[in-house]
$ cat my_file_9.cif   # mmCIF, C-alpha atoms
data_my_file
loop_
_atom_site.label_atom_id
_atom_site.label_comp_id
_atom_site.auth_asym_id
_atom_site.auth_seq_id
_atom_site.Cartn_x
_atom_site.Cartn_y
_atom_site.Cartn_z
CA ARG A 184 -18.11 -30.63 -25.06
CA ASP A 185 -18.06 -29.33 -21.50
CA PRO A 186 -14.60 -27.71 -21.11
CA PHE A 187 -14.36 -29.18 -17.61
CA ASP A 188 -14.73 -32.82 -18.68
CA PHE A 189 -11.45 -34.57 -17.99
CA MET A 190 -9.98 -38.01 -17.52
CA PHE A 191 -8.36 -39.20 -14.29
CA TYR A 192 -5.36 -41.51 -14.47
CA PHE A 193 -4.33 -43.44 -11.41
CA GLU A 194 -1.12 -45.19 -10.57
CA ALA A 195 -1.05 -47.43 -7.49
CA HIS A 196 2.11 -48.68 -5.82
CA ARG A 197 1.87 -51.54 -3.36
CA ASP A 198 5.12 -50.68 -1.67
CA ASP A 199 3.91 -47.40 -0.22
CA CYS A 200 0.21 -47.49 -1.09
CA PHE A 201 0.69 -44.16 -2.78
CA GLN A 202 -1.83 -43.00 -5.30
CA THR A 203 -1.25 -40.15 -7.68
CA LEU A 204 -3.53 -38.27 -9.94
CA VAL A 205 -2.94 -36.48 -13.19
CA SER A 206 -5.83 -34.43 -14.51
CA VAL A 207 -5.57 -33.68 -18.22
CA LEU A 208 -7.92 -30.87 -19.06
CA GLN A 209 -7.97 -28.66 -22.09
CA GLU A 210 -8.17 -25.29 -20.38
CA PRO A 211 -6.11 -22.54 -22.01
CA SER A 212 -5.26 -19.03 -20.84
CA SER A 213 -2.66 -16.70 -19.51
CA LYS A 214 -2.10 -15.64 -15.97
CA ARG A 215 -3.68 -12.34 -15.15
CA SER A 216 -1.42 -9.91 -13.39
CA LYS A 217 -1.82 -8.91 -9.78
CA PRO A 218 -1.77 -5.37 -8.55
CA VAL A 219 1.27 -4.46 -6.47
CA SER A 220 0.70 -2.23 -3.50
CA ARG A 221 3.17 0.26 -2.07
CA VAL A 222 3.27 1.29 1.58
CA ALA A 223 4.03 4.86 2.49
CA SER A 224 5.84 6.51 5.42
CA LEU A 225 7.31 4.09 7.96
CA ALA A 226 5.73 1.20 6.13
CA SER A 227 7.98 1.87 3.14
CA LEU A 228 10.89 0.50 5.14
CA LEU A 229 9.39 -2.99 5.03
CA PRO A 230 7.85 -4.96 2.16
CA PRO A 231 4.08 -4.77 1.62
CA VAL A 232 1.96 -7.18 3.62
CA LYS A 233 1.19 -9.07 0.42
CA SER A 234 4.85 -10.06 0.17
CA THR A 235 4.54 -12.50 3.04
CA PRO A 236 7.27 -14.99 3.83
CA LEU A 237 4.64 -17.72 3.75
CA LYS A 238 5.39 -17.97 0.03
CA ARG A 239 9.01 -18.73 0.80
CA ILE A 240 8.09 -22.06 2.35
CA GLY A 241 6.61 -23.31 -0.89
CA LEU A 242 9.53 -21.97 -2.91
CA ARG A 243 12.03 -24.02 -0.92
CA LEU A 244 10.24 -27.30 -1.59
CA GLN A 245 11.97 -29.74 -3.91
CA VAL A 246 10.15 -31.53 -6.70
CA SER A 247 9.31 -35.07 -5.66
CA PRO A 248 11.99 -37.46 -6.87
CA LYS A 249 9.24 -39.92 -7.80
CA PRO A 250 9.47 -40.30 -11.61
CA LEU A 251 6.48 -39.62 -13.80
CA PRO A 252 4.78 -42.71 -15.22
CA HIS A 253 5.81 -43.74 -18.73
CA TRP A 254 2.46 -42.69 -20.21
CA PHE A 255 2.66 -39.18 -18.84
CA LYS A 256 4.22 -36.49 -20.95
CA SER A 257 4.36 -32.88 -19.86
CA GLN A 258 2.43 -30.90 -22.43
CA PRO A 259 2.80 -27.19 -23.12
CA SER A 260 0.11 -25.10 -21.50
CA LYS A 261 -2.39 -23.40 -23.74
CA ARG A 262 -3.43 -19.81 -23.34
CA ARG A 263 -6.96 -18.53 -23.44
CA ASP A 264 -7.92 -16.86 -26.66
CA SER A 265 -7.85 -13.12 -26.05
CA LYS A 266 -10.73 -11.49 -27.88
CA LEU A 267 -11.53 -7.86 -28.50
CA TRP A 268 -15.10 -6.60 -28.61
CA SER A 269 -14.55 -5.33 -32.15
CA GLU A 270 -14.02 -8.94 -33.24
CA THR A 271 -17.52 -9.85 -32.04
CA PHE A 272 -19.36 -6.80 -33.38
CA ASP A 273 -21.56 -7.65 -36.37
CA VAL A 274 -22.95 -4.73 -38.37
CA ARG A 275 -25.15 -7.14 -40.34
CA THR A 276 -27.35 -7.97 -37.33
CA GLY A 277 -29.07 -4.69 -36.70
CA ALA A 278 -26.49 -1.95 -36.18
CA THR A 279 -28.09 1.31 -37.32
CA GLN A 280 -25.28 3.81 -36.85
CA THR A 281 -21.54 4.14 -37.08
CA LEU A 282 -19.85 4.04 -33.69
CA SER A 283 -17.45 6.78 -32.68
CA PRO A 284 -13.92 5.91 -31.47
CA LYS A 285 -15.00 6.84 -27.91
CA GLU A 286 -18.00 4.51 -28.05
CA ILE A 287 -15.85 1.70 -29.42
CA LYS A 288 -13.52 2.09 -26.43
CA ARG A 289 -16.55 2.04 -24.13
CA GLN A 290 -17.78 -1.17 -25.68
CA GLU A 291 -14.31 -2.70 -25.34
CA ALA A 292 -14.28 -1.82 -21.62
CA ILE A 293 -17.71 -3.38 -21.08
CA PHE A 294 -16.65 -6.46 -23.02
CA GLU A 295 -13.50 -6.77 -20.88
CA LEU A 296 -15.69 -6.77 -17.77
CA ALA A 297 -17.87 -9.56 -19.13
CA GLN A 298 -14.95 -11.58 -20.47
CA GLY A 299 -13.22 -11.34 -17.11
CA GLU A 300 -16.31 -12.74 -15.40
CA GLN A 301 -16.34 -15.70 -17.77
CA ASP A 302 -12.65 -16.40 -17.12
CA LEU A 303 -13.21 -16.14 -13.37
CA VAL A 304 -16.12 -18.59 -13.39
CA GLU A 305 -14.04 -21.09 -15.38
CA ASP A 306 -11.09 -20.75 -13.00
CA LEU A 307 -13.24 -21.21 -9.89
CA LYS A 308 -14.83 -24.34 -11.34
CA LEU A 309 -11.40 -25.61 -12.32
CA ALA A 310 -10.05 -25.11 -8.79
CA LYS A 311 -12.88 -27.19 -7.38
CA LYS A 312 -13.02 -29.97 -9.97
CA ALA A 313 -9.29 -30.40 -10.64
CA TYR A 314 -7.91 -29.77 -7.14
CA HIS A 315 -10.49 -29.87 -4.34
CA ASP A 316 -12.59 -32.85 -5.42
CA PRO A 317 -9.71 -35.19 -6.41
CA MET A 318 -7.76 -34.48 -3.21
CA LEU A 319 -10.87 -35.22 -1.17
CA LYS A 320 -11.67 -38.40 -3.11
CA LEU A 321 -8.10 -39.69 -2.85
CA SER A 322 -7.85 -38.69 0.84
CA ILE A 323 -4.76 -36.62 0.07
CA MET A 324 -6.17 -34.06 2.51
CA THR A 325 -9.00 -34.29 4.99
CA GLU A 326 -12.30 -32.55 4.37
CA GLN A 327 -11.56 -30.17 7.24
CA GLU A 328 -8.19 -29.20 5.76
CA LEU A 329 -9.70 -28.63 2.32
CA ASN A 330 -12.48 -26.51 3.82
CA GLN A 331 -9.84 -24.35 5.50
CA ILE A 332 -7.75 -23.97 2.33
CA PHE A 333 -10.59 -23.43 -0.17
CA GLY A 334 -12.81 -21.47 2.21
CA THR A 335 -16.04 -20.25 0.62
CA LEU A 336 -14.67 -20.44 -2.93
CA GLU A 337 -17.52 -22.61 -4.20
CA SER A 338 -20.13 -20.06 -3.07
CA LEU A 339 -18.52 -17.41 -5.31
CA ILE A 340 -19.28 -19.35 -8.50
CA PRO A 341 -23.06 -18.66 -8.71
CA LEU A 342 -22.41 -15.05 -7.70
CA HIS A 343 -20.27 -14.41 -10.79
CA GLU A 344 -22.41 -16.60 -13.02
CA ASP A 345 -25.27 -14.26 -12.14
CA LEU A 346 -23.36 -11.14 -13.23
CA LEU A 347 -22.13 -12.87 -16.38
CA GLY A 348 -25.70 -13.85 -17.29
CA ARG A 349 -26.97 -10.31 -16.77
CA LEU A 350 -24.22 -8.82 -18.92
CA ARG A 351 -24.91 -11.31 -21.70
CA ASP A 352 -28.64 -10.58 -21.59
CA ALA A 353 -27.89 -6.86 -21.95
CA ARG A 354 -26.01 -7.36 -25.21
CA LYS A 355 -27.81 -6.47 -28.41
CA PRO A 356 -27.87 -8.82 -31.42
CA ASP A 357 -24.99 -6.88 -32.98
CA GLY A 358 -22.85 -7.41 -29.85
CA SER A 359 -23.02 -3.90 -28.41
CA THR A 360 -24.27 -3.03 -24.92
CA GLU A 361 -26.18 0.18 -24.23
CA HIS A 362 -26.51 0.14 -20.42
CA VAL A 363 -24.60 -1.69 -17.67
CA GLY A 364 -24.85 0.78 -14.78
CA HIS A 365 -28.17 -0.52 -13.47
CA ILE A 366 -26.84 -4.09 -13.64
CA LEU A 367 -23.80 -3.20 -11.55
CA THR A 368 -25.67 -1.20 -8.91
CA ALA A 369 -27.99 -4.16 -8.39
CA TRP A 370 -25.19 -6.74 -8.28
CA LEU A 371 -22.29 -5.06 -6.45
CA PRO A 372 -23.75 -5.53 -2.92
CA CYS A 373 -23.20 -9.28 -3.49
CA LEU A 374 -19.46 -8.65 -3.20
CA SER A 375 -19.88 -8.58 0.58
CA SER A 376 -19.64 -12.37 0.28
CA TYR A 377 -15.93 -11.85 -0.34
CA THR A 378 -15.33 -10.76 3.24
CA SER A 379 -15.19 -14.26 4.69
CA TYR A 380 -13.19 -15.61 1.74
CA CYS A 381 -10.50 -12.91 1.82
CA SER A 382 -10.32 -12.90 5.62
CA ASN A 383 -9.55 -16.61 5.54
CA GLN A 384 -6.71 -16.34 3.02
CA VAL A 385 -3.85 -15.86 5.45
CA LYS A 386 -4.80 -19.03 7.35
CA ALA A 387 -5.45 -20.87 4.09
CA LYS A 388 -1.99 -19.97 2.73
CA ALA A 389 -0.29 -21.03 5.96
CA LEU A 390 -2.05 -24.40 5.98
CA LEU A 391 -1.40 -25.01 2.28
CA ASP A 392 2.31 -24.31 2.71
CA GLN A 393 2.34 -26.62 5.71
CA LYS A 394 0.62 -29.41 3.77
CA LYS A 395 3.13 -29.06 0.94
CA GLN A 396 5.61 -30.75 3.27
CA ASP A 397 3.53 -33.92 2.78
CA ARG A 398 4.97 -36.03 -0.05
CA ARG A 399 1.54 -37.01 -1.42
CA VAL A 400 0.34 -33.41 -1.52
CA GLN A 401 3.58 -32.25 -3.08
CA ASP A 402 3.45 -34.97 -5.74
CA PHE A 403 -0.20 -34.30 -6.61
CA LEU A 404 0.33 -30.54 -6.96
CA GLN A 405 3.48 -31.04 -9.01
CA ARG A 406 1.68 -33.30 -11.47
CA CYS A 407 -1.15 -30.80 -11.78
CA LEU A 408 1.39 -28.04 -12.41
CA GLN A 409 2.85 -30.07 -15.28
CA SER A 410 -0.56 -30.68 -16.84
CA PRO A 411 -1.92 -28.32 -19.54
CA PHE A 412 -5.06 -27.37 -17.60
CA SER A 413 -3.02 -25.59 -14.88
CA ARG A 414 -1.54 -23.09 -17.38
CA LYS A 415 1.67 -23.36 -15.30
CA LEU A 416 -0.14 -21.85 -12.29
CA ASP A 417 0.05 -23.52 -8.90
CA LEU A 418 -2.95 -24.07 -6.65
CA TRP A 419 -2.45 -20.86 -4.70
CA ASN A 420 -2.61 -18.82 -7.90
CA PHE A 421 -6.10 -20.20 -8.49
CA LEU A 422 -7.14 -19.59 -4.88
CA ASP A 423 -5.92 -16.00 -5.09
CA ILE A 424 -7.74 -15.22 -8.35
CA PRO A 425 -10.96 -14.05 -6.58
CA ARG A 426 -9.01 -11.48 -4.54
CA SER A 427 -7.22 -10.27 -7.66
CA ARG A 428 -10.55 -9.90 -9.42
CA LEU A 429 -12.08 -8.03 -6.49
CA VAL A 430 -9.47 -5.27 -6.45
CA LYS A 431 -9.77 -4.93 -10.23
CA TYR A 432 -13.44 -3.91 -10.24
CA PRO A 433 -12.77 -0.22 -9.46
CA LEU A 434 -10.29 -0.12 -12.37
CA LEU A 435 -12.75 -1.75 -14.76
CA LEU A 436 -15.55 0.62 -13.80
CA ARG A 437 -13.24 3.61 -14.04
CA GLU A 438 -12.36 2.59 -17.59
CA ILE A 439 -16.03 2.33 -18.56
CA LEU A 440 -16.72 5.72 -16.97
CA LYS A 441 -13.77 7.25 -18.79
CA HIS A 442 -15.40 6.50 -22.13
CA THR A 443 -18.99 7.29 -21.12
CA ALA A 444 -20.17 10.79 -21.99
CA ILE A 445 -21.52 13.01 -19.21
CA ASP A 446 -24.94 13.16 -20.88
CA HIS A 447 -25.08 9.40 -21.55
CA PRO A 448 -28.20 7.75 -20.01
CA ASP A 449 -25.94 5.21 -18.28
CA ARG A 450 -23.69 7.82 -16.65
CA GLN A 451 -25.62 8.31 -13.40
CA HIS A 452 -25.85 4.60 -12.65
CA LEU A 453 -22.17 4.15 -13.42
CA ASP A 454 -21.24 6.97 -11.01
CA GLU A 455 -23.31 5.26 -8.31
CA ALA A 456 -21.71 1.91 -9.09
CA MET A 457 -18.24 3.43 -8.80
CA LEU A 458 -18.97 4.77 -5.32
CA MET A 459 -20.47 1.44 -4.31
CA VAL A 460 -17.56 -0.70 -5.46
CA GLN A 461 -14.99 1.58 -3.82
CA SER A 462 -16.89 1.38 -0.54
CA VAL A 463 -17.32 -2.40 -0.70
CA VAL A 464 -13.68 -3.05 -1.58
CA ALA A 465 -12.44 -0.69 1.14
CA ASP A 466 -14.62 -2.43 3.74
CA ILE A 467 -13.41 -5.88 2.67
CA ASN A 468 -9.80 -4.68 2.75
CA ARG A 469 -10.28 -3.33 6.27
CA GLN A 470 -11.81 -6.53 7.60
CA THR A 471 -9.24 -8.67 5.80
CA GLY A 472 -6.45 -6.56 7.28
CA GLU A 473 -7.86 -6.97 10.78
CA SER A 474 -8.09 -10.72 10.27
CA GLU A 475 -4.49 -10.89 9.06
CA CYS A 476 -3.29 -8.75 11.96
CA GLN A 477 -5.08 -11.01 14.45
CA TYR A 478 -3.59 -14.12 12.84
CA TYR A 479 -0.01 -12.90 13.24
CA LYS A 480 -0.63 -11.67 16.78
CA GLU A 481 -1.73 -15.20 17.65
CA ARG A 482 1.45 -16.63 16.08
CA LEU A 483 3.76 -14.52 18.28
CA LEU A 484 5.70 -16.42 20.96
CA TYR A 485 6.92 -14.56 24.05
CA SER A 486 10.02 -15.91 25.79
CA GLU A 487 9.48 -13.48 28.66
CA GLU A 488 6.26 -12.11 30.07
CA GLY A 489 7.77 -8.63 30.01
CA GLN A 490 7.85 -8.75 26.21
CA ARG A 491 4.07 -8.54 26.04
CA ASP A 492 2.88 -5.06 25.20
CA GLN A 493 -0.63 -3.64 25.16
CA LEU A 494 0.20 -1.84 21.92
CA ILE A 495 0.44 -5.25 20.25
CA ASP A 496 -2.79 -6.50 21.80
CA ARG A 497 -4.67 -3.36 20.75
CA SER A 498 -3.33 -3.35 17.19
CA LYS A 499 -5.91 -3.89 14.47
CA THR A 500 -3.63 -3.03 11.57
CA LEU A 501 -0.47 -4.75 10.38
CA CYS A 502 1.15 -2.15 8.13
CA CYS A 503 3.73 -4.54 6.73
CA HIS A 504 6.08 -7.35 7.66
CA GLY A 505 8.95 -9.28 6.16
CA GLU A 506 12.16 -11.22 6.59
CA LEU A 507 15.61 -9.62 6.87
CA LYS A 508 19.14 -10.42 8.01
CA ASN A 509 21.39 -8.67 10.47
CA ASN A 510 25.15 -8.22 10.05
CA ARG A 511 25.69 -11.73 11.45
CA SER A 512 23.40 -13.19 8.76
CA VAL A 513 20.78 -14.12 11.35
CA LYS A 514 17.35 -14.12 9.75
CA LEU A 515 14.80 -11.94 11.50
CA HIS A 516 11.14 -11.33 10.82
CA VAL A 517 9.93 -7.81 11.53
CA PHE A 518 6.30 -6.78 12.04
CA LEU A 519 5.28 -3.14 11.82
CA PHE A 520 1.95 -2.82 13.62
CA GLN A 521 0.14 0.49 13.74
CA ASN A 522 1.92 1.68 16.90
CA ILE A 523 4.76 -0.75 17.56
CA LEU A 524 7.64 -2.55 15.85
CA VAL A 525 8.19 -6.23 16.71
CA ILE A 526 11.39 -8.11 15.83
CA THR A 527 11.17 -11.90 15.83
CA ARG A 528 12.71 -15.14 14.58
CA SER A 529 10.49 -17.57 12.69
CA VAL A 530 10.02 -20.95 14.35
CA SER A 531 8.77 -24.02 12.50
CA LEU A 532 7.14 -26.54 14.82
CA HIS A 533 6.27 -30.06 13.67
CA ASN A 534 2.92 -30.14 11.83
CA GLN A 535 2.18 -26.58 12.92
CA PRO A 536 2.07 -23.26 11.05
CA VAL A 537 5.12 -21.04 11.37
CA SER A 538 5.31 -19.13 14.67
CA TYR A 539 7.39 -16.05 15.52
CA GLN A 540 9.57 -15.93 18.64
CA LEU A 541 10.28 -12.42 19.92
CA CYS A 542 14.04 -11.98 20.14
CA ARG A 543 14.02 -8.56 21.82
CA GLN A 544 11.72 -6.09 23.48
CA PRO A 545 9.06 -4.60 21.13
CA ILE A 546 9.77 -0.99 20.15
CA PRO A 547 6.90 1.56 20.31
CA LEU A 548 6.87 3.90 17.32
CA THR A 549 7.11 6.86 19.71
CA ARG A 550 10.67 5.70 20.44
CA LEU A 551 11.69 5.52 16.80
CA ASP A 552 13.21 8.25 14.66
CA LEU A 553 12.96 8.41 10.89
CA GLU A 554 15.88 10.07 9.16
CA ASP A 555 17.49 10.21 5.72
CA LEU A 556 20.94 8.76 5.09
CA SER A 557 23.12 8.96 2.02
CA ASP A 558 24.50 5.85 0.37
CA GLY A 559 27.88 6.31 2.04
CA GLU A 560 26.44 6.82 5.51
CA MET A 561 24.41 3.64 5.20
CA ARG A 562 27.57 1.55 5.09
CA VAL A 563 29.05 3.02 8.25
CA GLY A 564 29.12 0.63 11.20
CA GLY A 565 29.74 -2.73 9.57
CA SER A 566 28.52 -5.13 6.95
CA ILE A 567 25.08 -4.56 5.46
CA ARG A 568 23.48 -7.51 3.71
CA GLY A 569 20.48 -7.70 1.38
CA ALA A 570 17.26 -8.85 2.93
CA PHE A 571 14.54 -9.17 0.34
CA SER A 572 15.90 -9.34 -3.17
CA ASN A 573 18.99 -9.63 -5.33
CA THR A 574 18.25 -6.46 -7.28
CA GLU A 575 20.95 -3.85 -7.71
CA ARG A 576 21.12 -1.12 -5.13
CA SER A 577 19.69 2.25 -5.92
CA HIS A 578 21.90 5.30 -5.55
CA GLU A 579 18.95 7.36 -4.36
CA ASP A 580 18.70 8.59 -0.78
CA HIS A 581 18.01 5.97 1.85
CA LYS A 582 15.82 6.05 4.90
CA SER A 583 17.01 4.88 8.29
CA LEU A 584 14.73 4.01 11.18
CA LYS A 585 16.68 4.29 14.43
CA LYS A 586 15.59 3.45 17.94
CA LYS A 587 16.37 6.20 20.43
CA GLY A 588 19.18 5.09 22.70
CA SER A 589 19.77 1.81 20.84
CA GLU A 590 22.11 0.40 18.24
CA HIS A 591 19.27 -0.98 16.12
CA CYS A 592 19.01 0.55 12.68
CA LEU A 593 16.59 -0.38 9.91
CA VAL A 594 17.49 0.93 6.48
CA GLY A 595 15.25 0.80 3.42
CA LEU A 596 16.21 1.61 -0.15
CA ASP A 597 13.93 3.90 -2.14
CA ASP A 598 13.64 1.56 -5.09
CA PRO A 599 10.68 -0.45 -6.47
CA THR A 600 11.66 -3.40 -4.26
CA PRO A 601 11.95 -2.16 -0.65
CA LYS A 602 14.82 -3.60 1.35
CA VAL A 603 15.33 -3.64 5.11
CA LYS A 604 18.60 -3.97 6.95
CA VAL A 605 19.51 -4.37 10.60
CA VAL A 606 22.91 -3.29 11.90
#
$ encode --input "my_file_9.cif" --output "structure tokens"
Amino acid sequence: RDPFDFMFYFEAHRDDCFQTLVSVLQEPSSKRSKPVSRVASLASLLPPVKSTPLKRIGLRLQVSPKPLPHWFKSQPSKRRDSKLWSETFDVRTGATQTLSPKEIKRQEAIFELAQGEQDLVEDLKLAKKAYHDPMLKLSIMTEQELNQIFGTLESLIPLHEDLLGRLRDARKPDGSTEHVGHILTAWLPCLSSYTSYCSNQVKAKALLDQKKQDRRVQDFLQRCLQSPFSRKLDLWNFLDIPRSRLVKYPLLLREILKHTAIDHPDRQHLDEAMLMVQSVVADINRQTGESECQYYKERLLYSEEGQRDQLIDRSKTLCCHGELKNNRSVKLHVFLFQNILVITRSVSLHNQPVSYQLCRQPIPLTRLDLEDLSDGEMRVGGSIRGAFSNTERSHEDHKSLKKKGSEHCLVGLDDPTPKVKVV
């Protein structure tokens, strides 16, 4: 049976003409982890760009009070079966020699690459068939809104089906794979298709969080989240899977290279593939960063014309940004562009993405000093409140970013979860 066959159940209410959908699909697995980036130098004073406050909007939403229908029962999610290559290797189908421990690890790394492609293809198809298509059919969102949120996701499916097919064709009857380097060097240029998808993500996330304010959207997504096929992942987790997979390719290739002997026939192609994937990922990261920077520049609101600064307009890189509180518990949102620091307050306009109102003059980095403060010194001058997490404070040295001739002071803790304070 096709693992993506599923049954739709509808419940219609005349009082509000509200339709809901529950998609019950047998689709097991576990959530794959995302890489966490760290930002050095001045950027370490603010959370990484990935930790955007856009997520906070969704986290504040309440579950729809609308009760589930009597026939619906939340079922435990099922995980994908995690296989090892050694479980698929069959010495009875043609294996002529005993494999060394190093070669076994190499085969495991190649198998992990192929298995990851299969999981990715299934997740992309699931996102389209269980989320995109039903929401379009039920008019929960317009086609234009869905195109903005899902971007070019559908076009990525045949791309990864192609790589998966090539890797399967390269497997011998016993389950081992001799060469993959030539396959990767021929396929990796296709990753350029990710540029448009990743560049659209910041706008897609903003629109999705905005649409979650709609009761029908909220109810649909909640019911999907409670269904087994979602594996307890929300829609954005599925939409972010391609990006997570993209940044994992260098790690996967590095693992294969690690267990490939220097004199192995596949070594040269693998070295070439490694250089290719690093270049492609770096280029996509650069263009995605520029797109994200441009998006936030367009969301800035200036209360005075004098607040506009050419350093903001010329910025192509947003090093990091995040929400913090001052000693009066006023929430601020700080943007660290490549040459200027911008302090704002977030503004939520009706049916519009979040905007950011400048609350003071932007501060060029040339007017900022970076200095170390001890734990005791950090508390001088008034109350300091946590900005980003509830984790315990570190007793390590702290860093303070002070504006020359101003009372502003940003303090970040040198712990795994950066914090920022304003005094």
$ resolve_selection --input "my_file_9.cif" --expression "the PyMOL selection byres ((chain A and resi 476-493) around 8)" --output "list in words"
Val385, Lys386, Gly472, Glu473, Ser474, Glu475, Leu494, Ile495, Asp496, Arg497, Ser498, Lys499, Thr500, Leu501, Val537, Ser538, Tyr539, Gln540, Leu541, Cys542, Arg543, Gln544 and Pro545 of chain A
$ closest_atom_pairs --input "my_file_9.cif" --of "stretch 463-535 of chain A" --to "stretch 423-435 of chain A" --cutoff "10 Å" --atoms "all atoms listed in the file" --output "tab-separated table"
residue	atom	partner	partner_atom	distance
A:Val463	CA	A:Leu429	CA	9.6
A:Val464	CA	A:Val430	CA	6.8
A:Ala465	CA	A:Val430	CA	9.3
A:Ile467	CA	A:Leu429	CA	9.5
A:Asn468	CA	A:Val430	CA	9.2
$ residues_around --input "my_file_9.cif" --residues "A:Ile523" --least-positions-apart "3" --cutoff "6 Å" --atoms "all atoms listed in the file" --output "list in words"
Phe520, Ile546, Pro547 and Leu548 of chain A
$ closest_residue --input "my_file_9.cif" --among "A:Glu337, A:Glu295, A:Asp417, A:Asp345" --to "A:Ile366" --atoms "all atoms listed in the file"
A:Asp345
$ closest_atom_pairs --input "my_file_9.cif" --of "stretch 361-434 of chain A" --to "stretch 331-336 of chain A" --cutoff "12 Å" --atoms "only C-alpha atoms" --output "CSV"
residue,atom,partner,partner_atom,distance
A:Ser376,CA,A:Thr335,CA,8.7
A:Tyr377,CA,A:Thr335,CA,8.5
A:Thr378,CA,A:Thr335,CA,9.9
A:Ser379,CA,A:Thr335,CA,7.3
A:Tyr380,CA,A:Thr335,CA,5.6
A:Cys381,CA,A:Gly334,CA,8.9
A:Ser382,CA,A:Gly334,CA,9.6
A:Asn383,CA,A:Gly334,CA,6.7
A:Gln384,CA,A:Ile332,CA,7.7
A:Val385,CA,A:Ile332,CA,9.5
A:Lys386,CA,A:Gln331,CA,7.6
A:Ala387,CA,A:Ile332,CA,4.2
A:Lys388,CA,A:Ile332,CA,7.0
A:Ala389,CA,A:Ile332,CA,8.8
A:Leu390,CA,A:Ile332,CA,6.8
A:Leu391,CA,A:Ile332,CA,6.4
A:Asp392,CA,A:Ile332,CA,10.1
A:Gln393,CA,A:Ile332,CA,11.0
A:Lys394,CA,A:Ile332,CA,10.1
A:Leu418,CA,A:Phe333,CA,10.0
A:Trp419,CA,A:Ile332,CA,9.3
A:Phe421,CA,A:Phe333,CA,10.0
A:Leu422,CA,A:Phe333,CA,7.0
A:Asp423,CA,A:Leu336,CA,10.0
A:Ile424,CA,A:Leu336,CA,10.2
A:Pro425,CA,A:Leu336,CA,8.2
A:Arg426,CA,A:Leu336,CA,10.7
$ atom_distance --input "my_file_9.cif" --atom1 "atom CA of A:Ser529" --atom2 "atom CA of A:Met318"
29.5 Å
$ closest_residue --input "my_file_9.cif" --among "A:Gly358, A:Ser413, A:Val400, A:Met457" --to "A:Lys312" --atoms "all atoms listed in the file"
A:Ser413
$ atom_distance --input "my_file_9.cif" --atom1 "atom CA of A:Leu303" --atom2 "atom CA of A:Glu328"
23.7 Å
$ resolve_selection --input "my_file_9.cif" --expression "the PyMOL selection byres ((chain A and resi 286-293) around 10)" --output "PDB file with C-alpha atoms, in the frame of the given file"
ATOM      1  CA  LYS A 266     -10.730 -11.490 -27.880  1.00  0.00           C
ATOM      2  CA  LEU A 267     -11.530  -7.860 -28.500  1.00  0.00           C
ATOM      3  CA  TRP A 268     -15.100  -6.600 -28.610  1.00  0.00           C
ATOM      4  CA  SER A 269     -14.550  -5.330 -32.150  1.00  0.00           C
ATOM      5  CA  PHE A 272     -19.360  -6.800 -33.380  1.00  0.00           C
ATOM      6  CA  THR A 281     -21.540   4.140 -37.080  1.00  0.00           C
ATOM      7  CA  LEU A 282     -19.850   4.040 -33.690  1.00  0.00           C
ATOM      8  CA  SER A 283     -17.450   6.780 -32.680  1.00  0.00           C
ATOM      9  CA  PRO A 284     -13.920   5.910 -31.470  1.00  0.00           C
ATOM     10  CA  LYS A 285     -15.000   6.840 -27.910  1.00  0.00           C
ATOM     11  CA  PHE A 294     -16.650  -6.460 -23.020  1.00  0.00           C
ATOM     12  CA  GLU A 295     -13.500  -6.770 -20.880  1.00  0.00           C
ATOM     13  CA  LEU A 296     -15.690  -6.770 -17.770  1.00  0.00           C
ATOM     14  CA  ALA A 297     -17.870  -9.560 -19.130  1.00  0.00           C
ATOM     15  CA  GLN A 298     -14.950 -11.580 -20.470  1.00  0.00           C
ATOM     16  CA  GLY A 299     -13.220 -11.340 -17.110  1.00  0.00           C
ATOM     17  CA  LEU A 350     -24.220  -8.820 -18.920  1.00  0.00           C
ATOM     18  CA  GLY A 358     -22.850  -7.410 -29.850  1.00  0.00           C
ATOM     19  CA  SER A 359     -23.020  -3.900 -28.410  1.00  0.00           C
ATOM     20  CA  THR A 360     -24.270  -3.030 -24.920  1.00  0.00           C
ATOM     21  CA  GLU A 361     -26.180   0.180 -24.230  1.00  0.00           C
ATOM     22  CA  HIS A 362     -26.510   0.140 -20.420  1.00  0.00           C
ATOM     23  CA  VAL A 363     -24.600  -1.690 -17.670  1.00  0.00           C
ATOM     24  CA  LEU A 435     -12.750  -1.750 -14.760  1.00  0.00           C
ATOM     25  CA  LEU A 436     -15.550   0.620 -13.800  1.00  0.00           C
ATOM     26  CA  ARG A 437     -13.240   3.610 -14.040  1.00  0.00           C
ATOM     27  CA  GLU A 438     -12.360   2.590 -17.590  1.00  0.00           C
ATOM     28  CA  ILE A 439     -16.030   2.330 -18.560  1.00  0.00           C
ATOM     29  CA  LEU A 440     -16.720   5.720 -16.970  1.00  0.00           C
ATOM     30  CA  LYS A 441     -13.770   7.250 -18.790  1.00  0.00           C
ATOM     31  CA  HIS A 442     -15.400   6.500 -22.130  1.00  0.00           C
ATOM     32  CA  THR A 443     -18.990   7.290 -21.120  1.00  0.00           C
ATOM     33  CA  ALA A 444     -20.170  10.790 -21.990  1.00  0.00           C
TER      34      ALA A 444
END
$ atom_distance --input "my_file_9.cif" --atom1 "atom CA of A:Cys373" --atom2 "atom CA of A:Ser338"
11.2 Å
$ resolve_selection --input "my_file_9.cif" --expression "the PyMOL selection byres ((chain A and resi 452) around 10)" --output "list in words"
His362, Val363, Gly364, His365, Ile366, Leu367, Thr368, Ala369, Pro448, Asp449, Arg450, Gln451, Leu453, Asp454, Glu455, Ala456 and Met457 of chain A
